[in-house]
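> Supplied structure: input_5.csv, CSV, C-alpha atoms.
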```
chain,number,residue,atom,x,y,z
L,5,LEU,CA,-16.7,-6.5,-21.3
L,6,GLN,CA,-20.3,-5.8,-20.3
L,7,THR,CA,-21.2,-4.4,-16.9
L,8,ASP,CA,-24.6,-4.7,-15.3
L,9,PRO,CA,-25.8,-1.3,-13.9
L,10,ARG,CA,-27.6,-3.2,-11.1
L,11,ARG,CA,-24.2,-4.1,-9.7
L,12,MET,CA,-23.5,-0.4,-8.9
L,13,ALA,CA,-25.8,-0.8,-5.9
L,14,SER,CA,-23.0,-2.9,-4.4
L,15,ARG,CA,-20.9,0.2,-4.1
L,16,LEU,CA,-23.3,1.4,-1.4
L,17,ALA,CA,-21.8,-1.3,0.9
L,18,VAL,CA,-18.5,0.8,0.8
L,19,THR,CA,-20.3,3.8,2.2
L,20,GLN,CA,-21.4,1.8,5.3
L,21,ALA,CA,-18.0,0.1,5.9
L,22,LYS,CA,-16.9,0.5,9.5
L,23,ARG,CA,-13.5,-1.2,9.1
L,24,VAL,CA,-11.6,0.0,6.1
L,25,MET,CA,-8.2,-1.0,4.7
L,26,VAL,CA,-6.3,1.4,2.5
L,27,LYS,CA,-3.4,0.1,0.5
L,28,LEU,CA,-1.1,2.8,-1.0
L,29,GLY,CA,1.1,1.7,-3.9
L,30,SER,CA,4.7,3.0,-4.3
L,31,ALA,CA,3.6,5.2,-7.2
L,32,VAL,CA,1.2,7.0,-4.8
L,33,VAL,CA,3.6,7.5,-2.0
L,34,THR,CA,6.6,8.5,-4.0
L,35,ARG,CA,7.3,11.2,-6.6
L,36,SER,CA,7.1,10.3,-10.3
L,37,SER,CA,10.8,11.2,-10.6
L,38,GLY,CA,11.7,8.7,-8.0
L,39,SER,CA,13.3,11.4,-5.9
L,40,GLY,CA,11.7,10.7,-2.6
L,41,ILE,CA,8.3,10.9,-0.9
L,42,ALA,CA,5.5,12.9,-2.5
L,43,LEU,CA,4.9,15.0,0.6
L,44,GLY,CA,1.8,16.9,-0.5
L,45,ARG,CA,0.0,13.9,-1.8
L,46,THR,CA,0.9,11.8,1.2
L,47,ALA,CA,-0.3,14.5,3.6
L,48,CYS,CA,-3.6,14.7,1.7
L,49,ILE,CA,-4.1,10.9,2.0
L,50,ILE,CA,-3.4,11.0,5.7
L,51,GLU,CA,-5.9,13.8,6.1
L,52,GLN,CA,-8.5,11.7,4.4
L,53,ILE,CA,-7.8,8.7,6.6
L,54,CYS,CA,-8.1,11.0,9.7
L,55,HIS,CA,-11.5,12.0,8.4
L,56,LEU,CA,-12.5,8.4,8.3
L,57,GLN,CA,-11.3,7.9,11.9
L,58,ALA,CA,-13.2,11.0,13.0
L,59,SER,CA,-16.4,9.6,11.5
L,60,GLY,CA,-16.1,6.5,13.7
L,61,ARG,CA,-14.5,4.1,11.3
L,62,GLU,CA,-11.5,2.0,11.9
L,63,VAL,CA,-8.7,2.3,9.3
L,64,VAL,CA,-5.8,0.0,8.5
L,65,LEU,CA,-3.1,1.5,6.3
L,66,VAL,CA,-0.9,-0.8,4.1
L,67,SER,CA,1.8,1.3,2.7
L,68,SER,CA,4.5,0.6,0.0
L,69,GLY,CA,7.2,3.1,-0.7
L,70,ALA,CA,9.9,2.2,1.8
L,71,VAL,CA,12.4,1.0,-0.8
L,72,ALA,CA,11.9,4.1,-3.0
L,73,ALA,CA,12.2,6.4,0.0
L,74,GLY,CA,15.4,4.7,1.2
L,75,ARG,CA,16.9,4.8,-2.2
L,76,GLN,CA,16.6,8.5,-2.4
L,77,ILE,CA,18.1,9.0,1.1
L,78,LEU,CA,21.1,6.7,0.4
L,79,HIS,CA,21.8,8.3,-2.9
L,80,SER,CA,21.7,11.7,-1.3
L,81,GLN,CA,24.0,10.5,1.5
L,82,SER,CA,26.6,9.2,-1.0
L,83,ARG,CA,26.9,12.8,-2.4
L,84,MET,CA,27.5,14.3,1.0
L,85,GLY,CA,31.0,15.4,2.1
L,86,THR,CA,32.8,14.5,5.2
L,87,ASP,CA,32.1,17.9,6.9
L,88,LEU,CA,29.2,17.4,9.3
L,89,PRO,CA,27.3,20.4,10.8
L,90,ILE,CA,28.1,19.3,14.4
L,91,PRO,CA,29.0,22.2,16.8
L,92,SER,CA,31.7,20.3,18.6
L,93,ARG,CA,35.4,19.5,18.3
L,94,PRO,CA,35.8,17.5,15.1
L,95,LEU,CA,37.9,14.3,14.9
L,96,PRO,CA,40.8,14.2,12.5
L,97,PRO,CA,39.7,12.2,9.4
L,98,LEU,CA,41.1,8.7,8.9
L,99,SER,CA,43.4,8.3,6.0
L,100,ASP,CA,42.1,6.6,2.8
L,101,LEU,CA,38.5,7.2,3.8
L,102,PRO,CA,36.4,4.9,1.6
L,103,GLN,CA,33.8,6.5,-0.7
L,104,PRO,CA,30.3,5.1,-0.8
L,105,ASP,CA,29.6,3.0,-3.9
L,106,GLU,CA,26.0,3.6,-5.1
L,107,THR,CA,26.2,0.4,-7.2
L,108,LEU,CA,26.4,-1.6,-4.1
L,109,ILE,CA,23.1,-0.3,-2.6
L,110,THR,CA,20.6,-3.2,-2.3
L,111,SER,CA,16.8,-3.0,-2.1
L,112,GLN,CA,17.0,-4.4,1.4
L,113,GLU,CA,19.3,-1.6,2.5
L,114,CYS,CA,17.0,0.9,0.9
L,115,ALA,CA,14.0,-0.6,2.7
L,116,SER,CA,15.8,-0.6,6.0
L,117,VAL,CA,16.5,3.2,5.8
L,118,GLY,CA,13.2,4.0,4.1
L,119,GLN,CA,11.0,2.2,6.6
L,120,SER,CA,12.1,4.3,9.5
L,121,SER,CA,12.0,7.5,7.5
L,122,LEU,CA,8.5,6.8,6.1
L,123,MET,CA,7.2,5.8,9.5
L,124,ALA,CA,8.5,8.9,11.1
L,125,LEU,CA,6.7,10.9,8.4
L,126,TYR,CA,3.4,9.1,9.0
L,127,ASP,CA,3.8,9.5,12.7
L,128,ALA,CA,4.3,13.3,12.4
L,129,MET,CA,1.4,13.7,10.0
L,130,PHE,CA,-1.1,11.7,12.0
L,131,LYS,CA,-0.2,13.5,15.2
L,132,LEU,CA,-1.2,16.8,13.5
L,133,TYR,CA,-4.7,15.5,13.8
L,134,GLY,CA,-4.3,14.1,17.2
L,135,ILE,CA,-4.2,10.5,16.0
L,136,GLN,CA,-1.6,7.9,16.9
L,137,CYS,CA,-0.3,5.3,14.4
L,138,GLY,CA,1.7,2.1,15.0
L,139,GLN,CA,4.0,0.2,12.7
L,140,VAL,CA,3.4,-3.5,11.9
L,141,LEU,CA,6.1,-5.1,9.8
L,142,ILE,CA,4.9,-8.2,8.0
L,143,SER,CA,6.9,-11.1,6.6
L,144,THR,CA,5.3,-13.3,4.0
L,145,SER,CA,6.1,-16.4,6.0
L,146,SER,CA,4.1,-15.0,8.9
L,147,LEU,CA,1.0,-14.7,6.6
L,148,LEU,CA,1.3,-18.1,5.0
L,149,ASP,CA,0.7,-20.0,8.2
L,150,LYS,CA,-2.5,-19.7,10.2
L,151,GLY,CA,-1.0,-19.4,13.6
L,152,PRO,CA,1.4,-16.5,13.0
L,153,ARG,CA,-1.2,-14.8,10.8
L,154,GLU,CA,-3.7,-15.0,13.7
L,155,ASN,CA,-1.1,-13.5,16.0
L,156,THR,CA,-0.5,-10.7,13.6
L,157,CYS,CA,-4.2,-10.0,13.3
L,158,SER,CA,-4.6,-10.0,17.1
L,159,THR,CA,-2.0,-7.2,17.3
L,160,ILE,CA,-3.7,-5.2,14.6
L,161,VAL,CA,-7.1,-5.6,16.3
L,162,GLY,CA,-5.6,-4.5,19.6
L,163,LEU,CA,-4.3,-1.3,18.0
L,164,LEU,CA,-7.7,-0.6,16.4
L,165,SER,CA,-9.5,-1.0,19.7
L,166,LYS,CA,-7.3,1.7,21.1
L,167,GLY,CA,-8.0,4.2,18.2
L,168,ILE,CA,-4.5,3.6,16.7
L,169,VAL,CA,-4.1,3.4,13.0
L,170,PRO,CA,-1.9,0.4,12.1
L,171,VAL,CA,0.6,1.1,9.4
L,172,ILE,CA,1.5,-2.2,7.7
L,173,ASN,CA,4.4,-2.9,5.4
L,174,GLU,CA,6.0,-6.0,4.1
L,175,ASN,CA,9.4,-6.2,5.7
L,176,ASP,CA,11.6,-5.7,2.6
L,177,ALA,CA,14.7,-5.2,4.7
L,178,LEU,CA,15.0,-9.0,4.9
L,179,VAL,CA,15.6,-11.1,1.8
L,180,PRO,CA,12.5,-13.2,1.5
L,181,ILE,CA,12.9,-16.9,2.1
L,182,HIS,CA,10.8,-19.3,0.1
L,183,HIS,CA,8.1,-20.8,2.3
L,184,GLU,CA,5.2,-22.9,1.2
L,185,GLY,CA,3.1,-22.3,4.2
L,186,ASP,CA,0.4,-24.6,5.6
L,187,GLY,CA,-1.9,-24.2,2.5
L,188,SER,CA,-4.4,-21.9,4.1
L,189,ILE,CA,-3.6,-19.1,1.6
L,190,PRO,CA,-4.2,-20.0,-2.0
L,191,ILE,CA,-2.7,-17.0,-3.7
L,192,PRO,CA,1.0,-15.9,-3.9
L,193,VAL,CA,1.9,-13.5,-1.1
L,194,ASN,CA,4.7,-11.6,-2.8
L,195,ASP,CA,3.7,-7.9,-2.6
L,196,ASN,CA,1.7,-5.5,-0.5
L,197,ASP,CA,-1.5,-6.0,-2.7
L,198,ALA,CA,-1.5,-9.6,-1.6
L,199,VAL,CA,-0.7,-8.7,2.0
L,200,ALA,CA,-3.6,-6.3,2.1
L,201,SER,CA,-6.1,-8.8,0.6
L,202,VAL,CA,-5.1,-11.6,3.0
L,203,LEU,CA,-5.3,-9.3,6.1
L,204,ALA,CA,-8.5,-7.7,4.8
L,205,ARG,CA,-10.2,-11.1,4.9
L,206,ASP,CA,-8.8,-12.2,8.2
L,207,LEU,CA,-9.6,-8.8,9.9
L,208,SER,CA,-13.1,-8.9,8.5
L,209,CYS,CA,-12.7,-5.5,6.8
L,210,GLU,CA,-15.9,-4.3,5.0
L,211,ALA,CA,-13.9,-2.4,2.4
L,212,LEU,CA,-10.5,-2.6,0.8
L,213,LEU,CA,-9.2,0.3,-1.3
L,214,LEU,CA,-6.2,-0.5,-3.5
L,215,LEU,CA,-4.8,2.8,-4.7
L,216,SER,CA,-2.2,3.1,-7.4
L,217,ASN,CA,-1.4,5.5,-10.3
L,218,VAL,CA,-4.0,4.0,-12.6
L,219,ASP,CA,-7.7,4.9,-12.6
L,220,GLY,CA,-8.8,1.3,-12.3
L,221,VAL,CA,-9.0,-1.9,-14.4
L,222,TYR,CA,-9.2,-1.4,-18.1
L,223,THR,CA,-10.4,-3.6,-20.9
L,224,GLY,CA,-6.8,-3.4,-22.3
L,225,ASP,CA,-3.7,-1.4,-22.0
L,226,PRO,CA,-4.7,1.9,-20.3
L,227,LYS,CA,-2.3,3.8,-22.6
L,228,LEU,CA,-4.5,2.8,-25.6
L,229,SER,CA,-7.5,5.0,-26.5
L,230,SER,CA,-9.4,1.8,-27.4
L,231,SER,CA,-9.2,0.6,-23.7
L,232,ASP,CA,-12.2,1.5,-21.5
L,233,LEU,CA,-12.3,1.8,-17.7
L,234,ILE,CA,-14.3,-1.1,-16.2
L,235,SER,CA,-16.7,0.2,-13.5
L,236,THR,CA,-17.4,-3.2,-12.0
L,237,LEU,CA,-15.5,-6.4,-12.4
L,238,SER,CA,-16.4,-10.0,-11.5
L,239,ALA,CA,-14.2,-13.1,-11.4
L,240,SER,CA,-15.4,-14.3,-14.8
L,241,GLU,CA,-14.8,-11.0,-16.4
L,242,SER,CA,-11.3,-10.6,-15.0
L,243,LYS,CA,-10.2,-13.5,-17.3
L,244,GLU,CA,-10.8,-11.4,-20.3
L,245,VAL,CA,-8.7,-8.4,-19.2
L,246,GLN,CA,-5.2,-7.7,-20.7
L,247,PHE,CA,-2.8,-6.4,-18.1
L,248,SER,CA,0.1,-4.0,-18.8
L,249,GLU,CA,3.5,-3.7,-17.1
L,250,ASN,CA,4.1,-3.0,-13.4
L,251,SER,CA,4.7,0.4,-12.0
L,252,SER,CA,8.3,1.6,-12.1
L,253,ALA,CA,8.2,2.4,-8.4
L,254,GLY,CA,6.9,-1.0,-7.1
L,255,ARG,CA,6.6,-4.7,-7.7
L,256,GLY,CA,2.9,-5.1,-7.9
L,257,GLY,CA,1.0,-4.6,-11.2
L,258,MET,CA,-2.6,-4.6,-12.2
L,259,SER,CA,-2.6,-8.4,-12.6
L,260,SER,CA,-1.5,-8.7,-8.9
L,261,LYS,CA,-4.1,-6.2,-7.8
L,262,VAL,CA,-7.0,-8.0,-9.5
L,263,ARG,CA,-5.9,-11.4,-8.2
L,264,SER,CA,-5.6,-10.0,-4.7
L,265,ALA,CA,-8.9,-8.1,-5.0
L,266,MET,CA,-10.7,-11.2,-6.1
L,267,TYR,CA,-9.4,-13.1,-3.1
L,268,ALA,CA,-10.7,-10.5,-0.7
L,269,ALA,CA,-14.0,-10.1,-2.6
L,270,GLU,CA,-14.7,-13.8,-2.3
L,271,ALA,CA,-15.0,-13.3,1.5
L,272,GLY,CA,-17.4,-10.5,1.1
L,273,VAL,CA,-15.0,-7.6,1.2
L,274,SER,CA,-16.0,-4.6,-1.0
L,275,VAL,CA,-12.9,-3.9,-3.0
L,276,VAL,CA,-12.2,-0.8,-5.1
L,277,ILE,CA,-9.1,-0.4,-7.3
L,278,ALA,CA,-8.6,3.3,-8.0
L,279,ASN,CA,-6.2,6.1,-8.7
L,280,GLY,CA,-4.6,7.6,-5.5
L,281,LEU,CA,-3.0,10.6,-7.3
L,282,GLY,CA,-6.1,12.7,-7.5
L,283,TYR,CA,-7.9,15.0,-5.1
L,284,ARG,CA,-9.6,13.1,-2.1
L,285,PRO,CA,-10.0,9.7,-3.8
L,286,ILE,CA,-10.6,7.9,-0.5
L,287,LEU,CA,-13.4,10.2,0.6
L,288,ASP,CA,-15.0,10.1,-2.9
L,289,ILE,CA,-15.0,6.2,-2.7
L,290,ILE,CA,-16.5,6.2,0.8
L,291,ASP,CA,-19.1,8.8,-0.3
L,292,GLY,CA,-20.2,6.2,-2.9
L,293,LYS,CA,-19.1,8.0,-6.0
L,294,GLU,CA,-18.3,5.9,-9.1
L,295,VAL,CA,-14.5,6.0,-8.7
L,296,GLY,CA,-12.2,3.3,-10.1
L,297,THR,CA,-13.2,-0.3,-10.5
L,298,PHE,CA,-15.5,-2.1,-8.0
L,299,VAL,CA,-14.5,-5.7,-7.7
L,300,HIS,CA,-16.9,-8.4,-6.6
L,301,LYS,CA,-17.1,-12.2,-6.7
```
Could you take the file, read its structure, and then write that structure out as structure tokens?

Amino acid sequence: LQTDPRRMASRLAVTQAKRVMVKLGSAVVTRSSGSGIALGRTACIIEQICHLQASGREVVLVSSGAVAAGRQILHSQSRMGTDLPIPSRPLPPLSDLPQPDETLITSQECASVGQSSLMALYDAMFKLYGIQCGQVLISTSSLLDKGPRENTCSTIVGLLSKGIVPVINENDALVPIHHEGDGSIPIPVNDNDAVASVLARDLSCEALLLLSNVDGVYTGDPKLSSSDLISTLSASESKEVQFSENSSAGRGGMSSKVRSAMYAAEAGVSVVIANGLGYRPILDIIDGKEVGTFVHK
């Protein structure tokens, strides 16, 4: 694939973005071992978002990781004994106390536990910088119809107007119900990449940062030395790209990211697909550095 150096000027639009949406993939929020939240990395990302807030920008955070966080919590709970560290008179145990069966843990149960845990962590981290965040749980059905989608955006805009960082997550605690929608959204909305792209358009975000554990879009499988990182990517060029498998921590893969990025870029949103595991990737992108893949229509 050939990239035109003149397109790099388009990255300057990211530096001037006032409303920025940051989407964190599960591989960014959770540890590579799958044993819970990557606390240091998450804290670094929150600090960068707070820097954007302090500079006068509005930031919307779309976060995956609830299922992975909940899975770790539920697996740890299943290994706990019946003795609780409660300084009060204990009750006699019931006979034939059932033991938790890890094989029966569903992704919906993991999401239910993980959402509250992840949100509590975000709340504590943002408050360290004097910033309030607010949770907005999204169902795909609410995005596929114009009316409910406008109501959702109205809530998010209201939070932004008060200096609150909206933290958005697809509500994975509920089994998704197939819903065709009213036809206003032409792409599948089945992961947080799509949720981010749909909302970035409707909220008139100037920039959308899709962060995962890959440096950006490659000409082939990133694991192969013959594959090169694509600095800028257009709709026509995306058809030539070969995509590898999804991350083990989440549902969305690079194919989903590019499709979602193209949908947002068509409306004039500056989109960057980049690696969120490194040092200050968000600030580097906003500073105009050549990080990741810049996606344009």
> To one decimal in Å, tell me the separation between CA of Gly134 in chain L and CA of Ala42 in chain L.
22.0 Å
> What is the CA of Ala268 in chain L to CA of Val63 in chain L distance in Å?
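Going from CA of Ala268 in chain L over to CA of Val63 in chain L covers 16.4 Å.
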> Quick one: pull the distance between CA of Tyr126 in chain L and CA of Gly138 in chain L, Å, one decimal.
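Distance reported for this atom pair: 9.4 Å.
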> Between L:Leu65, L:Val299, L:Arg284, L:Thr19, which one has atoms that come closest to Asn196 in chain L, using only C-alpha atoms?
L:Leu65
> Which of these, L:Ile181, L:Gln52, L:Glu174, L:Val24, has the shortest distance to Asp288 in chain L once you count all atoms listed in the file?
L:Gln52
> Pick from L:Asp127, L:Val26, L:Ala271, L:Gly118: nearest to His79 in chain L, with only C-alpha atoms counted?
L:Gly118
> Measuring between only C-alpha atoms, which one of L:Cys114, L:Val33, L:Ala17, L:Ala198 shows the shortest distance to Ile50 in chain L?
L:Val33
> Using only C-alpha atoms, can you tell me which of L:Ala47, L:Ala269, L:Ile234, L:Val275 comes closest to Leu132 in chain L?
L:Ala47
> Mind completing range 33-58 of chain L with N, CA and C atoms? Output as an mmCIF file, in the coordinates of the input, please?

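Everything below was put into part_32.cif:
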```cif
data_model
loop_
_atom_site.group_PDB
_atom_site.id
_atom_site.type_symbol
_atom_site.label_atom_id
_atom_site.label_comp_id
_atom_site.auth_asym_id
_atom_site.auth_seq_id
_atom_site.Cartn_x
_atom_site.Cartn_y
_atom_site.Cartn_z
ATOM 1 N N VAL L 33 2.825 6.960 -3.064
ATOM 2 C CA VAL L 33 3.600 7.500 -2.000
ATOM 3 C C VAL L 33 4.805 8.323 -2.439
ATOM 4 N N THR L 34 5.406 7.894 -3.549
ATOM 5 C CA THR L 34 6.600 8.500 -4.000
ATOM 6 C C THR L 34 6.419 9.420 -5.213
ATOM 7 N N ARG L 35 7.369 10.296 -5.456
ATOM 8 C CA ARG L 35 7.300 11.200 -6.600
ATOM 9 C C ARG L 35 7.528 10.420 -7.895
ATOM 10 N N SER L 36 6.988 10.945 -8.979
ATOM 11 C CA SER L 36 7.100 10.300 -10.300
ATOM 12 C C SER L 36 8.579 10.229 -10.718
ATOM 13 N N SER L 37 9.387 11.197 -10.248
ATOM 14 C CA SER L 37 10.800 11.200 -10.600
ATOM 15 C C SER L 37 11.626 10.225 -9.825
ATOM 16 N N GLY L 38 11.004 9.621 -8.808
ATOM 17 C CA GLY L 38 11.700 8.700 -8.000
ATOM 18 C C GLY L 38 12.640 9.345 -6.966
ATOM 19 N N SER L 39 12.448 10.663 -6.749
ATOM 20 C CA SER L 39 13.300 11.400 -5.900
ATOM 21 C C SER L 39 12.795 11.601 -4.466
ATOM 22 N N GLY L 40 12.114 10.598 -3.976
ATOM 23 C CA GLY L 40 11.700 10.700 -2.600
ATOM 24 C C GLY L 40 10.156 10.633 -2.441
ATOM 25 N N ILE L 41 9.695 10.933 -1.232
ATOM 26 C CA ILE L 41 8.300 10.900 -0.900
ATOM 27 C C ILE L 41 7.548 12.091 -1.470
ATOM 28 N N ALA L 42 6.355 11.846 -2.004
ATOM 29 C CA ALA L 42 5.500 12.900 -2.500
ATOM 30 C C ALA L 42 4.772 13.495 -1.251
ATOM 31 N N LEU L 43 5.342 14.509 -0.646
ATOM 32 C CA LEU L 43 4.900 15.000 0.600
ATOM 33 C C LEU L 43 3.453 15.532 0.603
ATOM 34 N N GLY L 44 3.144 16.363 -0.384
ATOM 35 C CA GLY L 44 1.800 16.900 -0.500
ATOM 36 C C GLY L 44 0.739 15.898 -0.654
ATOM 37 N N ARG L 45 0.996 14.961 -1.551
ATOM 38 C CA ARG L 45 0.000 13.900 -1.800
ATOM 39 C C ARG L 45 -0.157 12.998 -0.608
ATOM 40 N N THR L 46 0.954 12.651 0.029
ATOM 41 C CA THR L 46 0.900 11.800 1.200
ATOM 42 C C THR L 46 0.125 12.496 2.336
ATOM 43 N N ALA L 47 0.372 13.783 2.514
ATOM 44 C CA ALA L 47 -0.300 14.500 3.600
ATOM 45 C C ALA L 47 -1.826 14.566 3.286
ATOM 46 N N CYS L 48 -2.214 14.703 2.028
ATOM 47 C CA CYS L 48 -3.600 14.700 1.700
ATOM 48 C C CYS L 48 -4.286 13.370 1.979
ATOM 49 N N ILE L 49 -3.572 12.273 1.717
ATOM 50 C CA ILE L 49 -4.100 10.900 2.000
ATOM 51 C C ILE L 49 -4.261 10.724 3.499
ATOM 52 N N ILE L 50 -3.263 11.148 4.271
ATOM 53 C CA ILE L 50 -3.400 11.000 5.700
ATOM 54 C C ILE L 50 -4.529 11.822 6.260
ATOM 55 N N GLU L 51 -4.755 13.003 5.709
ATOM 56 C CA GLU L 51 -5.900 13.800 6.100
ATOM 57 C C GLU L 51 -7.207 13.093 5.871
ATOM 58 N N GLN L 52 -7.322 12.435 4.717
ATOM 59 C CA GLN L 52 -8.500 11.700 4.400
ATOM 60 C C GLN L 52 -8.740 10.522 5.359
ATOM 61 N N ILE L 53 -7.659 9.827 5.688
ATOM 62 C CA ILE L 53 -7.800 8.700 6.600
ATOM 63 C C ILE L 53 -8.203 9.230 7.998
ATOM 64 N N CYS L 54 -7.711 10.394 8.394
ATOM 65 C CA CYS L 54 -8.100 11.000 9.700
ATOM 66 C C CYS L 54 -9.591 11.352 9.656
ATOM 67 N N HIS L 55 -10.109 11.775 8.500
ATOM 68 C CA HIS L 55 -11.500 12.000 8.400
ATOM 69 C C HIS L 55 -12.339 10.767 8.618
ATOM 70 N N LEU L 56 -11.861 9.645 8.086
ATOM 71 C CA LEU L 56 -12.500 8.400 8.300
ATOM 72 C C LEU L 56 -12.516 8.009 9.788
ATOM 73 N N GLN L 57 -11.364 8.197 10.429
ATOM 74 C CA GLN L 57 -11.300 7.900 11.900
ATOM 75 C C GLN L 57 -12.241 8.784 12.651
ATOM 76 N N ALA L 58 -12.313 10.068 12.285
ATOM 77 C CA ALA L 58 -13.200 11.000 13.000
ATOM 78 C C ALA L 58 -14.656 10.652 12.836
#
```
